[in-house]
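Asker: my_file.txt is reproduced in full below (compact mmCIF, C-alpha atoms and all ligand atoms).
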```txt
# COMPACT_ATOMS: atom_id res chain seq x y z
CA MET W 1 115.21 137.71 82.50
CA LYS W 2 118.55 136.36 81.41
CA THR W 3 118.83 133.81 84.23
CA ASP W 4 115.34 132.52 83.60
CA TYR W 5 116.02 132.25 79.91
CA TRP W 6 119.18 130.22 80.41
CA ASP W 7 117.62 128.01 83.08
CA ARG W 8 114.80 127.37 80.69
CA VAL W 9 116.87 126.48 77.67
CA LEU W 10 119.00 124.24 79.86
CA ASP W 11 115.86 122.29 80.73
CA PRO W 12 114.41 120.99 77.46
CA VAL W 13 111.13 119.94 79.07
CA LEU W 14 110.50 123.42 80.48
CA GLU W 15 111.39 124.90 77.12
CA LYS W 16 108.90 122.56 75.44
CA ALA W 17 106.26 123.57 77.98
CA TRP W 18 107.02 127.27 77.44
CA GLN W 19 106.38 126.79 73.72
CA GLY W 20 103.06 125.06 74.46
CA GLU W 21 104.11 121.70 73.08
CA ARG W 22 102.41 118.59 74.41
CA LEU W 23 104.29 116.82 77.22
CA SER W 24 104.63 113.06 77.62
CA LEU W 25 103.99 111.20 80.88
CA ASP W 26 107.73 111.04 81.63
CA GLU W 27 108.21 114.70 80.80
CA GLY W 28 105.31 115.70 83.03
CA THR W 29 106.75 113.67 85.91
CA SER W 30 110.21 115.16 85.36
CA LEU W 31 108.81 118.65 85.97
CA TYR W 32 108.68 117.79 89.68
CA GLN W 33 112.50 118.07 89.57
CA ALA W 34 112.49 121.51 87.90
CA ASP W 35 113.17 124.72 89.79
CA TRP W 36 109.75 125.45 91.27
CA MET W 37 109.85 129.23 90.81
CA LEU W 38 110.81 128.80 87.18
CA LEU W 39 108.08 126.20 86.77
CA GLY W 40 105.63 128.80 88.08
CA LYS W 41 106.85 131.36 85.58
CA VAL W 42 106.40 128.94 82.69
CA ALA W 43 102.88 128.03 83.89
CA ASP W 44 102.06 131.74 84.27
CA HIS W 45 103.29 132.31 80.72
CA ARG W 46 100.96 129.56 79.41
CA ARG W 47 98.04 131.04 81.39
CA ARG W 48 98.65 134.44 79.74
CA LYS W 49 98.76 132.77 76.32
CA MET W 50 95.44 131.06 77.09
CA PHE W 51 93.67 134.36 77.80
CA PRO W 52 94.90 137.00 75.38
CA GLY W 53 93.47 140.43 76.21
CA ARG W 54 92.26 139.41 79.68
CA ASP W 55 95.31 137.84 81.19
CA GLU W 56 95.04 139.66 84.54
CA VAL W 57 91.44 138.61 85.15
CA VAL W 58 90.70 135.97 87.78
CA THR W 59 87.19 134.57 87.83
CA PHE W 60 84.92 133.13 90.50
CA ALA W 61 81.26 132.18 90.87
CA ILE W 62 78.82 133.17 93.56
CA ASN W 63 77.77 129.68 94.50
CA ARG W 64 76.87 127.50 97.41
CA ASN W 65 78.01 124.04 98.36
CA LEU W 66 75.00 122.24 99.74
CA ASN W 67 76.00 119.03 101.47
CA TYR W 68 72.49 117.69 101.94
CA THR W 69 73.41 114.49 103.86
CA ASN W 70 76.47 113.08 105.59
CA ILE W 71 74.96 109.59 105.80
CA CYS W 72 76.98 107.27 103.59
CA TYR W 73 77.51 103.52 103.39
CA VAL W 74 80.78 103.65 101.43
CA GLY W 75 83.21 104.62 104.21
CA CYS W 76 86.25 105.91 102.29
CA ASP W 77 89.39 106.01 104.43
CA PHE W 78 90.20 109.55 103.27
CA CYS W 79 86.80 110.98 104.26
CA ALA W 80 86.15 112.78 107.55
CA TYR W 81 82.61 113.73 106.59
CA PHE W 82 80.54 110.55 106.40
CA ARG W 83 78.41 109.18 109.24
CA LYS W 84 76.40 106.02 109.84
CA PRO W 85 72.62 106.54 110.04
CA ASP W 86 72.52 106.11 113.83
CA ASP W 87 75.48 108.39 114.60
CA PRO W 88 74.35 111.32 116.77
CA ASP W 89 75.52 113.92 114.24
CA ALA W 90 74.17 112.13 111.15
CA TYR W 91 71.83 114.36 109.13
CA LEU W 92 69.67 114.58 106.04
CA LEU W 93 68.43 118.08 105.25
CA SER W 94 64.71 118.44 104.66
CA ARG W 95 63.37 120.09 101.52
CA GLU W 96 62.54 123.18 103.61
CA GLU W 97 66.10 123.39 104.99
CA ILE W 98 67.49 123.12 101.47
CA PHE W 99 65.19 125.93 100.32
CA VAL W 100 66.25 128.20 103.20
CA LYS W 101 69.87 127.80 102.10
CA LEU W 102 68.97 128.44 98.46
CA ASP W 103 66.96 131.53 99.47
CA GLU W 104 70.14 132.84 101.13
CA LEU W 105 72.13 132.10 97.98
CA GLU W 106 69.59 133.84 95.77
CA ALA W 107 69.53 136.89 98.07
CA LEU W 108 73.30 137.22 97.56
CA GLY W 109 72.97 137.13 93.78
CA GLY W 110 74.21 133.53 93.58
CA THR W 111 74.05 131.66 90.29
CA GLU W 112 75.08 128.10 91.09
CA VAL W 113 74.34 125.32 93.57
CA LEU W 114 76.61 122.34 94.18
CA LEU W 115 74.54 119.60 95.79
CA GLN W 116 76.82 116.84 96.95
CA GLY W 117 76.43 114.38 99.75
CA GLY W 118 76.96 110.88 101.00
CA LEU W 119 75.50 107.78 99.38
CA HIS W 120 72.38 107.58 101.51
CA TYR W 121 70.95 104.05 101.48
CA LYS W 122 67.35 105.37 101.28
CA LEU W 123 67.67 108.09 98.61
CA GLY W 124 66.96 106.90 95.09
CA LEU W 125 66.56 108.50 91.68
CA ASP W 126 63.05 109.86 92.38
CA TYR W 127 64.34 111.90 95.33
CA TYR W 128 66.84 113.71 93.07
CA LEU W 129 64.46 114.12 90.12
CA GLU W 130 61.85 115.71 92.40
CA LEU W 131 64.44 117.88 94.14
CA PHE W 132 65.94 119.16 90.88
CA HIS W 133 62.47 119.84 89.44
CA ALA W 134 61.55 121.78 92.56
CA ILE W 135 64.79 123.80 92.52
CA ARG W 136 64.35 124.60 88.84
CA GLU W 137 60.80 125.82 89.38
CA ARG W 138 61.50 127.86 92.48
CA TYR W 139 64.93 129.24 91.46
CA PRO W 140 65.00 129.50 87.66
CA GLY W 141 68.22 131.57 87.83
CA LEU W 142 70.20 128.86 89.64
CA TYR W 143 72.44 126.52 87.68
CA ILE W 144 72.48 122.99 89.11
CA HIS W 145 76.14 121.87 89.06
CA SER W 146 75.76 118.83 91.26
CA LEU W 147 76.31 115.16 92.14
CA SER W 148 79.56 113.25 92.23
CA VAL W 149 80.16 110.27 89.96
CA SER W 150 79.72 108.00 93.00
CA GLU W 151 76.27 109.46 93.68
CA ILE W 152 75.30 108.91 90.04
CA TYR W 153 76.32 105.23 90.15
CA HIS W 154 74.44 104.92 93.43
CA LEU W 155 71.32 106.07 91.56
CA CYS W 156 71.95 103.46 88.86
CA ARG W 157 72.09 100.76 91.53
CA LYS W 158 68.97 102.03 93.30
CA SER W 159 66.92 102.42 90.12
CA GLY W 160 68.26 99.45 88.14
CA LEU W 161 68.62 101.78 85.15
CA PRO W 162 71.75 102.08 82.98
CA LEU W 163 74.10 105.03 83.41
CA ASP W 164 73.03 106.90 80.29
CA GLU W 165 69.35 106.67 81.23
CA VAL W 166 69.98 107.94 84.76
CA LEU W 167 71.98 110.87 83.38
CA ARG W 168 69.29 111.60 80.76
CA GLN W 169 66.59 111.72 83.46
CA LEU W 170 68.72 113.91 85.73
CA LYS W 171 69.35 116.28 82.83
CA LEU W 172 65.65 116.51 82.06
CA ALA W 173 65.00 117.29 85.73
CA GLY W 174 67.50 120.16 85.71
CA LEU W 175 71.06 118.86 86.19
CA ARG W 176 73.30 121.06 84.03
CA SER W 177 76.85 119.98 84.88
CA ILE W 178 78.81 117.70 87.22
CA PRO W 179 81.63 118.57 89.62
CA GLY W 180 84.72 116.39 89.17
CA ALA W 181 85.25 114.61 92.52
CA ALA W 182 87.80 112.25 90.95
CA GLU W 183 90.26 111.93 93.85
CA LEU W 184 93.06 110.06 92.04
CA LEU W 185 92.26 108.02 88.93
CA VAL W 186 94.72 105.22 89.62
CA ASP W 187 93.18 101.99 90.90
CA ARG W 188 96.28 101.02 92.92
CA VAL W 189 95.66 104.14 95.02
CA ARG W 190 91.88 103.79 95.07
CA GLU W 191 92.12 100.21 96.34
CA ILE W 192 94.09 101.49 99.34
CA VAL W 193 92.11 104.64 100.24
CA SER W 194 88.60 103.95 98.95
CA PRO W 195 88.17 100.28 97.95
CA ASN W 196 84.36 100.54 97.96
CA LYS W 197 84.18 103.54 95.68
CA VAL W 198 83.88 103.61 91.88
CA THR W 199 86.95 102.59 89.87
CA ALA W 200 88.97 104.95 87.70
CA GLU W 201 87.41 103.42 84.60
CA GLN W 202 83.89 103.91 85.96
CA TRP W 203 84.64 107.58 86.69
CA LEU W 204 85.92 108.09 83.14
CA ASP W 205 82.94 106.18 81.65
CA CYS W 206 80.51 108.35 83.59
CA MET W 207 82.18 111.56 82.43
CA GLU W 208 82.33 110.37 78.82
CA THR W 209 78.65 109.43 78.89
CA ALA W 210 77.66 112.72 80.55
CA HIS W 211 79.68 114.79 78.09
CA GLY W 212 78.05 112.86 75.23
CA LEU W 213 74.65 113.89 76.58
CA GLY W 214 75.65 117.54 76.80
CA ILE W 215 76.29 117.52 80.55
CA GLU W 216 79.72 119.09 80.93
CA SER W 217 81.84 118.83 84.05
CA THR W 218 84.94 119.85 85.89
CA ALA W 219 87.74 117.44 86.82
CA THR W 220 89.58 117.35 90.11
CA MET W 221 92.60 115.67 91.65
CA THR W 222 93.19 115.01 95.35
CA PHE W 223 96.85 114.32 95.96
CA GLY W 224 99.09 113.62 98.92
CA MET W 225 97.55 110.27 99.86
CA VAL W 226 99.67 107.25 98.88
CA GLU W 227 100.36 108.06 95.23
CA THR W 228 103.69 108.47 93.46
CA LEU W 229 104.50 111.60 91.45
CA ALA W 230 104.18 109.55 88.25
CA GLU W 231 100.66 108.51 89.34
CA ARG W 232 99.65 112.17 89.64
CA ILE W 233 100.67 112.65 86.02
CA GLU W 234 98.92 109.40 85.08
CA HIS W 235 95.75 110.92 86.56
CA MET W 236 96.19 114.10 84.51
CA ASP W 237 96.93 112.02 81.44
CA LYS W 238 93.62 110.14 81.71
CA ILE W 239 91.77 113.43 81.93
CA ARG W 240 93.70 114.95 79.02
CA SER W 241 92.98 111.87 76.86
CA LEU W 242 89.25 111.98 77.59
CA GLN W 243 89.19 115.71 76.92
CA GLU W 244 90.63 115.01 73.46
CA LYS W 245 87.55 112.88 72.77
CA THR W 246 84.76 114.86 74.44
CA HIS W 247 85.92 118.46 75.12
CA GLY W 248 83.56 118.32 78.07
CA PHE W 249 85.85 119.35 80.93
CA ARG W 250 85.53 123.04 81.72
CA ALA W 251 88.14 123.29 84.44
CA PHE W 252 90.67 121.33 86.47
CA ILE W 253 90.97 121.73 90.23
CA SER W 254 93.64 120.01 92.28
CA TRP W 255 93.85 120.02 96.03
CA THR W 256 95.96 118.43 98.70
CA PHE W 257 94.62 115.70 100.91
CA SER W 258 93.69 116.84 104.44
CA PRO W 259 94.40 113.81 106.66
CA TRP W 260 92.96 115.12 109.93
CA ASN W 261 89.98 113.20 111.37
CA THR W 262 90.29 110.50 108.68
CA GLN W 263 91.49 106.88 108.72
CA LEU W 264 94.66 108.17 107.04
CA SER W 265 95.53 110.66 109.76
CA HIS W 266 99.04 109.16 110.02
CA LEU W 267 99.92 110.65 106.61
CA LYS W 268 101.93 113.85 106.52
CA PRO W 269 100.12 116.69 104.74
CA VAL W 270 101.56 117.90 101.46
CA GLY W 271 103.38 121.23 101.75
CA GLY W 272 102.74 124.49 99.92
CA VAL W 273 105.59 124.15 97.44
CA ASP W 274 104.37 120.72 96.33
CA TYR W 275 100.91 122.23 95.87
CA LEU W 276 102.26 125.10 93.76
CA ARG W 277 104.38 122.72 91.67
CA THR W 278 101.35 120.51 91.04
CA VAL W 279 99.03 123.33 89.93
CA ALA W 280 101.78 124.67 87.66
CA ILE W 281 102.31 121.21 86.14
CA SER W 282 98.55 120.82 85.66
CA ARG W 283 98.50 124.07 83.63
CA LEU W 284 101.33 122.74 81.44
CA TYR W 285 100.24 119.12 81.12
CA LEU W 286 96.52 119.75 80.63
CA ASP W 287 97.03 121.83 77.51
CA ASN W 288 93.46 121.15 76.35
CA ILE W 289 91.69 122.38 79.50
CA THR W 290 91.07 126.11 79.61
CA HIS W 291 90.59 126.85 83.29
CA ILE W 292 92.83 125.86 86.18
CA THR W 293 91.35 126.66 89.59
CA SER W 294 93.21 127.74 92.67
CA GLY W 295 91.85 125.93 95.73
CA TYR W 296 91.52 128.12 98.81
CA VAL W 297 89.21 125.54 100.42
CA THR W 298 92.00 123.10 101.25
CA GLU W 299 95.07 125.31 100.84
CA GLY W 300 93.91 128.45 102.62
CA MET W 301 93.43 131.83 100.97
CA LYS W 302 97.06 132.97 101.19
CA LEU W 303 98.47 130.00 99.29
CA ALA W 304 95.56 130.20 96.85
CA GLN W 305 96.59 133.80 96.11
CA VAL W 306 100.12 132.65 95.26
CA ALA W 307 98.73 129.91 92.99
CA LEU W 308 97.30 132.71 90.81
CA SER W 309 100.92 133.26 89.69
CA PHE W 310 101.46 129.53 89.09
CA GLY W 311 99.04 129.03 86.20
CA CYS W 312 95.61 129.43 87.85
CA ASP W 313 93.01 131.77 86.35
CA ASP W 314 90.02 130.96 88.56
CA MET W 315 89.21 130.91 92.29
CA GLY W 316 86.18 128.59 92.21
CA GLY W 317 83.43 130.26 94.15
CA THR W 318 82.15 131.54 97.45
CA LEU W 319 80.78 128.07 98.42
CA MET W 320 79.17 129.64 101.53
CA GLN W 321 79.00 126.51 103.69
CA GLU W 322 81.28 123.69 102.59
CA GLU W 323 81.03 120.73 105.01
CA VAL W 324 83.17 117.92 103.55
CA VAL W 325 86.61 119.54 103.82
CA ALA W 326 85.43 121.43 106.91
CA ALA W 327 85.05 118.05 108.66
CA THR W 328 88.86 117.70 108.59
CA GLY W 329 89.16 121.02 110.41
CA THR W 330 91.56 122.51 107.86
CA GLY W 331 91.71 125.16 105.13
CA THR W 332 89.10 127.83 104.44
CA PRO W 333 85.86 125.92 103.87
CA SER W 334 84.02 128.92 102.47
CA THR W 335 84.37 132.63 102.00
CA ASN W 336 82.28 135.66 101.15
CA LEU W 337 82.19 137.91 98.15
CA SER W 338 84.20 140.79 99.59
CA THR W 339 86.98 138.51 100.92
CA LEU W 340 87.23 136.77 97.57
CA ILE W 341 87.38 140.06 95.68
CA GLU W 342 89.98 141.52 98.05
CA SER W 343 92.07 138.34 97.90
CA ILE W 344 92.15 138.42 94.11
CA ARG W 345 93.00 142.13 94.12
CA GLY W 346 95.65 141.47 96.76
CA ALA W 347 97.30 139.05 94.33
CA GLY W 348 97.50 141.85 91.76
CA LYS W 349 94.66 140.55 89.59
CA ILE W 350 91.29 141.81 88.43
CA PRO W 351 88.36 139.97 90.06
CA ALA W 352 85.46 138.98 87.81
CA GLN W 353 82.27 137.10 88.59
CA ARG W 354 81.55 134.29 86.14
CA ASP W 355 78.66 131.94 85.49
CA SER W 356 78.95 128.14 85.58
CA GLU W 357 80.01 128.05 81.94
CA TYR W 358 82.85 130.49 82.72
CA ASN W 359 81.31 133.47 80.91
CA ILE W 360 82.28 136.70 82.67
CA LEU W 361 79.24 138.46 84.19
CA ARG W 362 80.87 141.51 85.77
CA ARG W 363 84.29 142.82 86.77
CA PHE W 364 85.09 144.48 90.09
S1 LIG M 401 84.01 110.43 100.12
FE1 LIG M 401 81.84 110.37 99.54
S2 LIG M 401 81.49 108.19 99.11
FE2 LIG M 401 83.39 108.27 100.34
S3 LIG M 401 82.69 108.06 102.47
FE3 LIG M 401 82.83 110.27 102.05
S4 LIG M 401 80.74 110.83 101.47
FE4 LIG M 401 80.90 108.59 101.27
```
Is it possible to express this structure as structure tokens?
Ligand code: SF4
Answerer:
Amino acid sequence: MKTDYWDRVLDPVLEKAWQGERLSLDEGTSLYQADWMLLGKVADHRRRKMFPGRDEVVTFAINRNLNYTNICYVGCDFCAYFRKPDDPDAYLLSREEIFVKLDELEALGGTEVLLQGGLHYKLGLDYYLELFHAIRERYPGLYIHSLSVSEIYHLCRKSGLPLDEVLRQLKLAGLRSIPGAAELLVDRVREIVSPNKVTAEQWLDCMETAHGLGIESTATMTFGMVETLAERIEHMDKIRSLQEKTHGFRAFISWTFSPWNTQLSHLKPVGGVDYLRTVAISRLYLDNITHITSGYVTEGMKLAQVALSFGCDDMGGTLMQEEVVAATGTGTPSTNLSTLIESIRGAGKIPAQRDSEYNILRRF
């Protein structure tokens, strides 16, 4: 359209992004001042360029989030999920309870399990090695995409083993890839919202080591806490730089912080336009990451549908029973296959089930 064209050429950064040229930190930050609808169009253009011949397809996995324990000694201010061991609603799922949930996943044709939980003071490396072995034996068709970086460092502390050895043993037991769980990779922010958690450098070290061992991952960003716009781009920049070295990030998922029921409940939630701007900028800034995921879990399905026109090509997965975001009482913590398919169709796209490595298994 003529107007779009002229708006674009009048904004040299958007024009650069349209052409697929690499953006600097300042340029990425300046995109927050661009017309947001035009920003969406440019991000949508880059998404189409990324997927020639299948540019209307939106993928998802049939997967299950399995939050096996909410007991955690870290106590991040942004977390509504964790409990102390003697809290009345503290839990640790038994092996049998985990298997019941995986039976349900298998019955639905699921292909992936995301085991993530608190840092339980009693659970060490042997617990996870045995659990992964057991899952692999009982459910050979399930891909174990599990454990946050914090959980992995917890296992280093418990076992006294170095990071690479812990990752090697987890891989041998059946761990195939790691979900991002990065929050925001800027230590100024981390010191305010999660001073006891791993540092930005530790997160990046863990991902670099995992990628080097053939354990790929996703990367995430939680925004709307106490960060500046430039710090959001700084976060993306750290991920883009590591991707240049390892090529181990399969997808990037950003979501807005849900303050309810957390120590940061005084913060105002980020609005929908800011979310759409940020996913569009992530498509343009992260030019070396193929998949950008739209996050219905925190944003709700309707906004997630709109994000499919702002650079996203993936809807994550069914999740089935997400507990961590659910603890804030917001968003759409899980969905089912038919809702996901209808939501993607409703956005004018073609739904397609994928595996954990983003290969398309079937179209609907
Ligand atoms: S975010 Fe993770 S590490 Fe932090 S308190 Fe919650 S469960 Fe624990």
Asker: Mind pulling up the distance from atom CA of Leu147 of chain W to atom CA of Gln116 of chain W?
Answerer: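 Atom-to-atom, atom CA of Gln116 of chain W to atom CA of Leu147 of chain W, that is 5.1 Å.
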Asker: Could I get the residues of chain W with an atom no further than 12 Å from an atom of ligand LIG 401 (chain M), each paired with its nearest atom pair and that distance in Å to one decimal, using all atoms listed in the file, sorted by chain and residue number, as JSON lines?
Answerer:
```
{"residue": "W:Asn67", "atom": "CA", "partner": "M:LIG401", "partner_atom": "S4", "distance": 9.5}
{"residue": "W:Tyr68", "atom": "CA", "partner": "M:LIG401", "partner_atom": "S4", "distance": 10.7}
{"residue": "W:Thr69", "atom": "CA", "partner": "M:LIG401", "partner_atom": "S4", "distance": 8.5}
{"residue": "W:Asn70", "atom": "CA", "partner": "M:LIG401", "partner_atom": "S4", "distance": 6.3}
{"residue": "W:Ile71", "atom": "CA", "partner": "M:LIG401", "partner_atom": "S4", "distance": 7.3}
{"residue": "W:Cys72", "atom": "CA", "partner": "M:LIG401", "partner_atom": "FE4", "distance": 4.7}
{"residue": "W:Tyr73", "atom": "CA", "partner": "M:LIG401", "partner_atom": "FE4", "distance": 6.5}
{"residue": "W:Val74", "atom": "CA", "partner": "M:LIG401", "partner_atom": "S3", "distance": 4.9}
{"residue": "W:Gly75", "atom": "CA", "partner": "M:LIG401", "partner_atom": "S3", "distance": 3.9}
{"residue": "W:Cys76", "atom": "CA", "partner": "M:LIG401", "partner_atom": "S3", "distance": 4.2}
{"residue": "W:Asp77", "atom": "CA", "partner": "M:LIG401", "partner_atom": "S3", "distance": 7.3}
{"residue": "W:Phe78", "atom": "CA", "partner": "M:LIG401", "partner_atom": "S1", "distance": 7.0}
{"residue": "W:Cys79", "atom": "CA", "partner": "M:LIG401", "partner_atom": "FE3", "distance": 4.6}
{"residue": "W:Ala80", "atom": "CA", "partner": "M:LIG401", "partner_atom": "FE3", "distance": 6.9}
{"residue": "W:Tyr81", "atom": "CA", "partner": "M:LIG401", "partner_atom": "FE3", "distance": 5.7}
{"residue": "W:Phe82", "atom": "CA", "partner": "M:LIG401", "partner_atom": "FE3", "distance": 4.9}
{"residue": "W:Arg83", "atom": "CA", "partner": "M:LIG401", "partner_atom": "S3", "distance": 8.1}
{"residue": "W:Lys84", "atom": "CA", "partner": "M:LIG401", "partner_atom": "S3", "distance": 9.9}
{"residue": "W:Ala90", "atom": "CA", "partner": "M:LIG401", "partner_atom": "S4", "distance": 11.8}
{"residue": "W:Gln116", "atom": "CA", "partner": "M:LIG401", "partner_atom": "S4", "distance": 8.5}
{"residue": "W:Gly117", "atom": "CA", "partner": "M:LIG401", "partner_atom": "S4", "distance": 5.8}
{"residue": "W:Gly118", "atom": "CA", "partner": "M:LIG401", "partner_atom": "S4", "distance": 3.8}
{"residue": "W:Leu119", "atom": "CA", "partner": "M:LIG401", "partner_atom": "FE4", "distance": 5.8}
{"residue": "W:His120", "atom": "CA", "partner": "M:LIG401", "partner_atom": "FE4", "distance": 8.6}
{"residue": "W:Tyr121", "atom": "CA", "partner": "M:LIG401", "partner_atom": "FE4", "distance": 10.9}
{"residue": "W:Leu147", "atom": "CA", "partner": "M:LIG401", "partner_atom": "FE1", "distance": 10.4}
{"residue": "W:Ser148", "atom": "CA", "partner": "M:LIG401", "partner_atom": "FE1", "distance": 8.2}
{"residue": "W:Val149", "atom": "CA", "partner": "M:LIG401", "partner_atom": "S2", "distance": 9.5}
{"residue": "W:Ser150", "atom": "CA", "partner": "M:LIG401", "partner_atom": "S2", "distance": 6.4}
{"residue": "W:Glu151", "atom": "CA", "partner": "M:LIG401", "partner_atom": "S2", "distance": 7.6}
{"residue": "W:Ile152", "atom": "CA", "partner": "M:LIG401", "partner_atom": "S2", "distance": 11.0}
{"residue": "W:Tyr153", "atom": "CA", "partner": "M:LIG401", "partner_atom": "S2", "distance": 10.8}
{"residue": "W:His154", "atom": "CA", "partner": "M:LIG401", "partner_atom": "S2", "distance": 9.6}
{"residue": "W:Ala181", "atom": "CA", "partner": "M:LIG401", "partner_atom": "S1", "distance": 8.8}
{"residue": "W:Ala182", "atom": "CA", "partner": "M:LIG401", "partner_atom": "S1", "distance": 10.1}
{"residue": "W:Glu183", "atom": "CA", "partner": "M:LIG401", "partner_atom": "S1", "distance": 9.0}
{"residue": "W:Arg190", "atom": "CA", "partner": "M:LIG401", "partner_atom": "FE2", "distance": 11.0}
{"residue": "W:Val193", "atom": "CA", "partner": "M:LIG401", "partner_atom": "FE2", "distance": 9.4}
{"residue": "W:Ser194", "atom": "CA", "partner": "M:LIG401", "partner_atom": "FE2", "distance": 6.9}
{"residue": "W:Pro195", "atom": "CA", "partner": "M:LIG401", "partner_atom": "FE2", "distance": 9.6}
{"residue": "W:Asn196", "atom": "CA", "partner": "M:LIG401", "partner_atom": "FE2", "distance": 8.1}
{"residue": "W:Lys197", "atom": "CA", "partner": "M:LIG401", "partner_atom": "S2", "distance": 6.4}
{"residue": "W:Val198", "atom": "CA", "partner": "M:LIG401", "partner_atom": "S2", "distance": 8.9}
{"residue": "W:Thr222", "atom": "CA", "partner": "M:LIG401", "partner_atom": "S1", "distance": 11.3}
{"residue": "W:Phe257", "atom": "CA", "partner": "M:LIG401", "partner_atom": "S1", "distance": 11.9}
{"residue": "W:Thr262", "atom": "CA", "partner": "M:LIG401", "partner_atom": "FE3", "distance": 10.0}
{"residue": "W:Gln263", "atom": "CA", "partner": "M:LIG401", "partner_atom": "S3", "distance": 10.9}
{"residue": "W:Glu323", "atom": "CA", "partner": "M:LIG401", "partner_atom": "S4", "distance": 10.5}
{"residue": "W:Val324", "atom": "CA", "partner": "M:LIG401", "partner_atom": "S4", "distance": 7.8}
{"residue": "W:Val325", "atom": "CA", "partner": "M:LIG401", "partner_atom": "FE3", "distance": 10.2}
{"residue": "W:Ala327", "atom": "CA", "partner": "M:LIG401", "partner_atom": "FE3", "distance": 10.4}
{"residue": "W:Thr328", "atom": "CA", "partner": "M:LIG401", "partner_atom": "FE3", "distance": 11.6}
```
Asker: Need the shell around segment 270-283 of chain W: protein/DNA/RNA residues with any atom at most 9 Å away, counting all atoms listed in the file. Skip same-chain ones fewer than 6 positions apart. Format as a PDB file with C-alpha atoms, in the frame of the given file?
Answerer:
```pdb
ATOM      1  CA  GLY W  28     105.310 115.700  83.030  1.00  0.00           C
ATOM      2  CA  THR W  29     106.750 113.670  85.910  1.00  0.00           C
ATOM      3  CA  LEU W  31     108.810 118.650  85.970  1.00  0.00           C
ATOM      4  CA  TYR W  32     108.680 117.790  89.680  1.00  0.00           C
ATOM      5  CA  TRP W  36     109.750 125.450  91.270  1.00  0.00           C
ATOM      6  CA  MET W  37     109.850 129.230  90.810  1.00  0.00           C
ATOM      7  CA  LEU W  39     108.080 126.200  86.770  1.00  0.00           C
ATOM      8  CA  GLY W  40     105.630 128.800  88.080  1.00  0.00           C
ATOM      9  CA  LYS W  41     106.850 131.360  85.580  1.00  0.00           C
ATOM     10  CA  VAL W  42     106.400 128.940  82.690  1.00  0.00           C
ATOM     11  CA  ALA W  43     102.880 128.030  83.890  1.00  0.00           C
ATOM     12  CA  ASP W  44     102.060 131.740  84.270  1.00  0.00           C
ATOM     13  CA  ARG W  46     100.960 129.560  79.410  1.00  0.00           C
ATOM     14  CA  ARG W  47      98.040 131.040  81.390  1.00  0.00           C
ATOM     15  CA  PHE W 223      96.850 114.320  95.960  1.00  0.00           C
ATOM     16  CA  GLY W 224      99.090 113.620  98.920  1.00  0.00           C
ATOM     17  CA  MET W 225      97.550 110.270  99.860  1.00  0.00           C
ATOM     18  CA  ARG W 232      99.650 112.170  89.640  1.00  0.00           C
ATOM     19  CA  ILE W 233     100.670 112.650  86.020  1.00  0.00           C
ATOM     20  CA  MET W 236      96.190 114.100  84.510  1.00  0.00           C
ATOM     21  CA  PHE W 252      90.670 121.330  86.470  1.00  0.00           C
ATOM     22  CA  ILE W 253      90.970 121.730  90.230  1.00  0.00           C
ATOM     23  CA  SER W 254      93.640 120.010  92.280  1.00  0.00           C
ATOM     24  CA  TRP W 255      93.850 120.020  96.030  1.00  0.00           C
ATOM     25  CA  THR W 256      95.960 118.430  98.700  1.00  0.00           C
ATOM     26  CA  PHE W 257      94.620 115.700 100.910  1.00  0.00           C
ATOM     27  CA  SER W 258      93.690 116.840 104.440  1.00  0.00           C
ATOM     28  CA  ILE W 289      91.690 122.380  79.500  1.00  0.00           C
ATOM     29  CA  THR W 290      91.070 126.110  79.610  1.00  0.00           C
ATOM     30  CA  HIS W 291      90.590 126.850  83.290  1.00  0.00           C
ATOM     31  CA  ILE W 292      92.830 125.860  86.180  1.00  0.00           C
ATOM     32  CA  THR W 293      91.350 126.660  89.590  1.00  0.00           C
ATOM     33  CA  SER W 294      93.210 127.740  92.670  1.00  0.00           C
ATOM     34  CA  GLU W 299      95.070 125.310 100.840  1.00  0.00           C
ATOM     35  CA  LEU W 303      98.470 130.000  99.290  1.00  0.00           C
ATOM     36  CA  ALA W 304      95.560 130.200  96.850  1.00  0.00           C
ATOM     37  CA  VAL W 306     100.120 132.650  95.260  1.00  0.00           C
ATOM     38  CA  ALA W 307      98.730 129.910  92.990  1.00  0.00           C
ATOM     39  CA  SER W 309     100.920 133.260  89.690  1.00  0.00           C
ATOM     40  CA  PHE W 310     101.460 129.530  89.090  1.00  0.00           C
ATOM     41  CA  GLY W 311      99.040 129.030  86.200  1.00  0.00           C
ATOM     42  CA  CYS W 312      95.610 129.430  87.850  1.00  0.00           C
TER      43      CYS W 312
END
```
Asker: Please measure the separation of atom CA of Ile98 of chain W and atom CA of Gly248 of chain W, giving the value in Å to one decimal.
Answerer: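 Atom CA of Gly248 of chain W lies 28.8 Å from atom CA of Ile98 of chain W.
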Asker: Here is a test: counting only C-alpha atoms, which residue of W:Leu242, W:Met315, W:Leu142, W:Met301 is nearest to Leu286 of chain W?
Answerer: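 So, comparing all the options, the nearest one is W:Leu242.
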Asker: How many Å separate atom CA of Ile144 of chain W from atom CA of Met221 of chain W?
Answerer: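 Going from atom CA of Ile144 of chain W over to atom CA of Met221 of chain W covers 21.6 Å.
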Asker: Which one of W:Gln33, W:Thr209, W:Ser24, W:Asn261 sits closest to Leu229 of chain W if you count all atoms listed in the file?
Answerer: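 Of W:Gln33, W:Thr209, W:Ser24, W:Asn261, the one nearest Leu229 of chain W, counting all atoms listed in the file, is W:Gln33.
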Asker: Would you mind telling me which residue in W:Ala347, W:Leu340, W:Leu102, W:Leu38 lies nearest to Trp18 of chain W when using only C-alpha atoms?
Answerer: W:Leu38
